[in-house]
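Working notes, structure below.
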Amino acid sequence: MKNFLNKYFPYFFLSPALILLLLFSIFPIIVALLISFTDAGVTGLADWSQIHFIGVQNFKEIFSDPVFFQSIRNTLFYVIIGVPLVVVISMGLAIAINFGENRFFRAFRVVFYAPSVTNVVAVAVIWAFLYNPYGFFNFVLGIFHIPPIGWLQDTSIAKISLIVLALWRGVGTNMLIFLAAVSGIPKEYYEAASLDGATLRDQIFHITVPSLKFATFFVSVTSLIGWLQFFDEPFVMTNGGPLNSTMSISLFIYHNGFQLSRFGYAAAGSFVLFVAIIIVTLVMFRIQGKENQL
Amino acid sequence: MIITKKQAKVYKIILGIFLLLAAVFTLLPIVWMLLSSVKSQTELMQFPPTILPKNITFENFVQLFTQMNFVQYLLNTLIVVFWSFFGMFLSAGAGYAFAKFNFKGRRFLFYLVLATMMIPGQVTMIPVYLLLNAIGLTNTMTGVVLPGLVGAFSIFLFRQFMSGISTEMLEAARLEGASEWTIFWRIIIPVSKPILAVQGILTFIAGWNSFLWPLIIANDQNKYTLSVGLQLLKGQYTANYGLQMAGSAFMVIPIIIVYMIFQKYFLEGFNVSGMK
């Protein structure tokens with residue numbers, strides 16, 4: 001009996017977690033795909049006979065929906081600006097903090113991670129005040145006689161304001177990942193380099209940065225996936241406005257699914273997002289694989 | 001980094017000043033929130049705004065608990081946090097199985113777990129809602145808690161850490177006749193303290209902050225978590241900044257305290273570079 005138990009022990013330990021993941025992550029994808037070919041809506045919730053198969057109708061409609069295109073454009077904007085900024089800022093902070101090597105510098109670890117633990121709704125309350133037309137940021141600008149900026153009201157600036165907020169919230173975690181990697185680089189590398197007369201700049205760009213390859217890859221992939229799913233900030237701060245200028249794909253899906261109760265249509269949108277994420281992730285792994293061969 | 005001592009000192013001062021400025025910008029919103037939460041409503045309406053509160057008052061916090069349903073929200077949030085910790089041990093078990101056992105399908109199952117990290121929440125959101133609706137779990141605490149119980153990232157971090165535990169030690173325990181169950185609870189869990197600390201705080205943060213899913217699944221105010229309650233407050237008391245700030249401060253302070261206590265473990269826990 002004991003032998004039997006020990007033999008199946010790993011499965012026994014895996015199964016609760018695996019069953020939950022299958023039930024709430026893998027299986028829903030299949031359901032989402034099925035729903036995307038139907039007109040499932042709020043009436044279908046109570047009575048499944050109200051759900052009809054409508055083929056690729058949802059996909060046809062979504063690809064001619066101007067709001068969906070706007071949300072794709074906005075999401076690309078978030079990704080293109082957001083991902084490089086996350087990587088550069090969090091790596092820069094990690095290198096700077098590690099350079100100090102004393103208590104004063106270590107304290108910054110706690111400081112920069114602090115926004116990551118704050119609640120998104122609480123953050124929205126605080127930043128809504130900072131971004132208010134009569135709020136703190138415009139008050140500070142006023143001191144320097146700079147005219148007020150429509151942080152969340154101006155269609156061209158609102159996206160940037162949300163990116164600033166997301167960076168404030170998101171850099172901390174990635175900084176810790178880089179910090180763990182930076183502190184793992186052997187000291188001998190730097191000693192050898194400085195004996196050869198390498199300047200600090202050389203040491204950073206020829207030793208530190210290349211040694212952070214895996215951490216950079218990890219942070220890039222997770223940030224990329226994160227920004228493609230950008231949701232919290234536009235949801236709590238602008239709800240997609242003004243004039244859909246901050247609407248992301250995720251927010252578009254949420255709107256159609258849970259506010260307009262168009263489950264089928266929203267599922268079609270979510271599938272487009274899912275395919276985009278898979279393609280982008282595979283491309284990233286491809287690039288990483290190629291580099292490793294060199 | 002090795003350079004002359006004098007150079008290093010100059011760089012350190014420049015970097016220190018730069019980091020200090022960045023830190024001020026980072027902390028400004030949080031400090032401002034804490035200060036505002038103890039200001040009176042009239043003081044908050046003043047222009048130009050005051051930085052330090054003139055008279056410290058806790059009326060905003062009192063109002064939060066007497067006029068709003070915050071006690072119920074707090075209770076619900078604590079239920080979510082409790083079950084998240086239960087889920088963390090399920091993830092730890094899975095991480096251990098992946099790290100220290102050779103079994104059929106190990107690679108496949110591990111990649112399957114990693115793949116779930118790529119699935120956007122927005123894809124599973126609607127099907128999971130329909131699923132829970134079909135079995136009558138919408139608007140219940142079970143429905144709030146169940147879908148988020150285990151996470152792929154958490155399993156991944158546990159596996160990373162537990163791969164480093166010496167196999168000889170486990171073999172020795174097995175020769176002594178210890179059961180697998182004993183090994184897990186008496187050896188693996190105590191040795192894994194650093195990663196448990198990190199996961200524990202991440203679990204606490206996630207549970208305490210849980211927002212979107214409770215918002216979707218709970219229709220009844222009695223099932224709201226703190227975040228959802230705060231969102232409600234934000235919509236209803238748009239002009240009452242003091243109350244909003246007190247609500248926000250109440251959500252943020254416990255987390256900052258927990259984080260300060262456990263932060264020394266964090267660097268170790270985030271070390272993903274050993275991944276192969």
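Residue numbers start at 1 in each chain; chains themselves are named A, B, ... in the order of the structure tokens; ligands are numbered from 1 in the order shown.
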Can you check which parts of chain A lie within 7 Å of chain B? Per residue, the shortest pair of atoms and distance in Å to one decimal, counting only C-alpha atoms, sorted by chain and number, as a Markdown table.
```
| residue | atom | partner | partner_atom | distance |
| --- | --- | --- | --- | --- |
| A:Asn6 | CA | B:Glu180 | CA | 6.5 |
| A:Pro10 | CA | B:Ala97 | CA | 5.0 |
| A:Phe13 | CA | B:Gly93 | CA | 5.3 |
| A:Leu14 | CA | B:Ala94 | CA | 4.4 |
| A:Pro16 | CA | B:Leu90 | CA | 6.6 |
| A:Ala17 | CA | B:Leu90 | CA | 5.7 |
| A:Leu20 | CA | B:Val150 | CA | 7.0 |
| A:Phe24 | CA | B:Pro147 | CA | 5.7 |
| A:Ser25 | CA | B:Thr124 | CA | 6.3 |
| A:Pro28 | CA | B:Pro127 | CA | 5.2 |
| A:Ile29 | CA | B:Thr124 | CA | 6.3 |
| A:Val31 | CA | B:Pro127 | CA | 5.9 |
| A:Ala32 | CA | B:Pro127 | CA | 5.8 |
| A:Ala96 | CA | B:Leu15 | CA | 6.5 |
| A:Gly100 | CA | B:Lys12 | CA | 6.1 |
| A:Val111 | CA | B:Ala23 | CA | 6.4 |
| A:Phe112 | CA | B:Thr26 | CA | 6.7 |
| A:Ala114 | CA | B:Ile256 | CA | 7.0 |
| A:Val117 | CA | B:Ile205 | CA | 6.3 |
| A:Thr118 | CA | B:Val252 | CA | 5.5 |
| A:Asn119 | CA | B:Asn209 | CA | 5.3 |
| A:Val121 | CA | B:Gln231 | CA | 6.2 |
| A:Ala122 | CA | B:Ser248 | CA | 4.4 |
| A:Val125 | CA | B:Gln244 | CA | 6.8 |
| A:Ile126 | CA | B:Met33 | CA | 6.3 |
| A:Trp168 | CA | B:Thr26 | CA | 6.8 |
| A:Leu176 | CA | B:Leu267 | CA | 6.2 |
| A:Ile177 | CA | B:Phe270 | CA | 5.3 |
| A:Ala180 | CA | B:Asn271 | CA | 5.3 |
| A:Ala181 | CA | B:Ser273 | CA | 6.3 |
| A:Tyr190 | CA | B:Met1 | CA | 5.4 |
| A:Glu191 | CA | B:Ile2 | CA | 5.9 |
| A:Ser194 | CA | B:Ile2 | CA | 6.1 |
| A:Leu200 | CA | B:Ile3 | CA | 6.8 |
| A:Phe214 | CA | B:Ser273 | CA | 6.1 |
| A:Ala215 | CA | B:Ser273 | CA | 6.1 |
| A:Gln229 | CA | B:Pro120 | CA | 6.6 |
| A:Ser250 | CA | B:Gln122 | CA | 6.2 |
| A:Ile253 | CA | B:Gln122 | CA | 6.9 |
| A:Phe263 | CA | B:Ile126 | CA | 6.8 |
| A:Ala267 | CA | B:Val123 | CA | 6.7 |
| A:Ser270 | CA | B:Val123 | CA | 5.0 |
| A:Phe271 | CA | B:Val123 | CA | 6.7 |
| A:Phe274 | CA | B:Pro120 | CA | 6.5 |
```
Inset, instruction - Skip segment 33-45 of chain A itself and residues of its chain fewer than 6 positions away, then list as a list in words all residues within 8 Å of it, counting only C-alpha atoms. - result: Ile51, His52, Phe53, Ile54, Gly55, Val56, Gln57, Asn58, Phe59, Ser261, Arg262, Phe263, Gly264, Tyr265, Ala266, Ala267, Ala268 and Phe271 of chain A; Leu130, Asn133 and Ala134 of chain B
Legend entry - Among listed residues A:Thr155, A:Met91, A:Pro234, A:Thr173, nearest Tyr113 of chain A (using only C-alpha atoms):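 The closest residue to Tyr113 of chain A is A:Thr173.
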Legend entry - Per-residue DSSP, segment 65-159 of chain B, filtered to helix (DSSP H, G or I), as number ranges by chain: B: 65-66, 70-100, 106-118, 121-134, 141-148, 152-159
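Taking atom CA of Ile249 of chain A and atom CA of Pro133 of chain A as endpoints, the distance between them is 27.2 Å.
Our summary of the geometry notes that atom CA of Gly241 of chain A is positioned 13.1 Å from atom CA of Ile160 of chain A.
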Inset, instruction - Could you tell me which of A:Trp151, A:Phe69, A:Phe285, A:Phe104 comes closest to Phe129 of chain A if we count only C-alpha atoms? - result: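 Of A:Trp151, A:Phe69, A:Phe285, A:Phe104, the one nearest Phe129 of chain A is A:Trp151, counting only C-alpha atoms.
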Inset, instruction - May I ask for the distance between atom CA of Ile183 of chain B and atom CA of Met162 of chain B, given in Å to one decimal place? - result: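 Between these atoms lies a distance of 13.0 Å.
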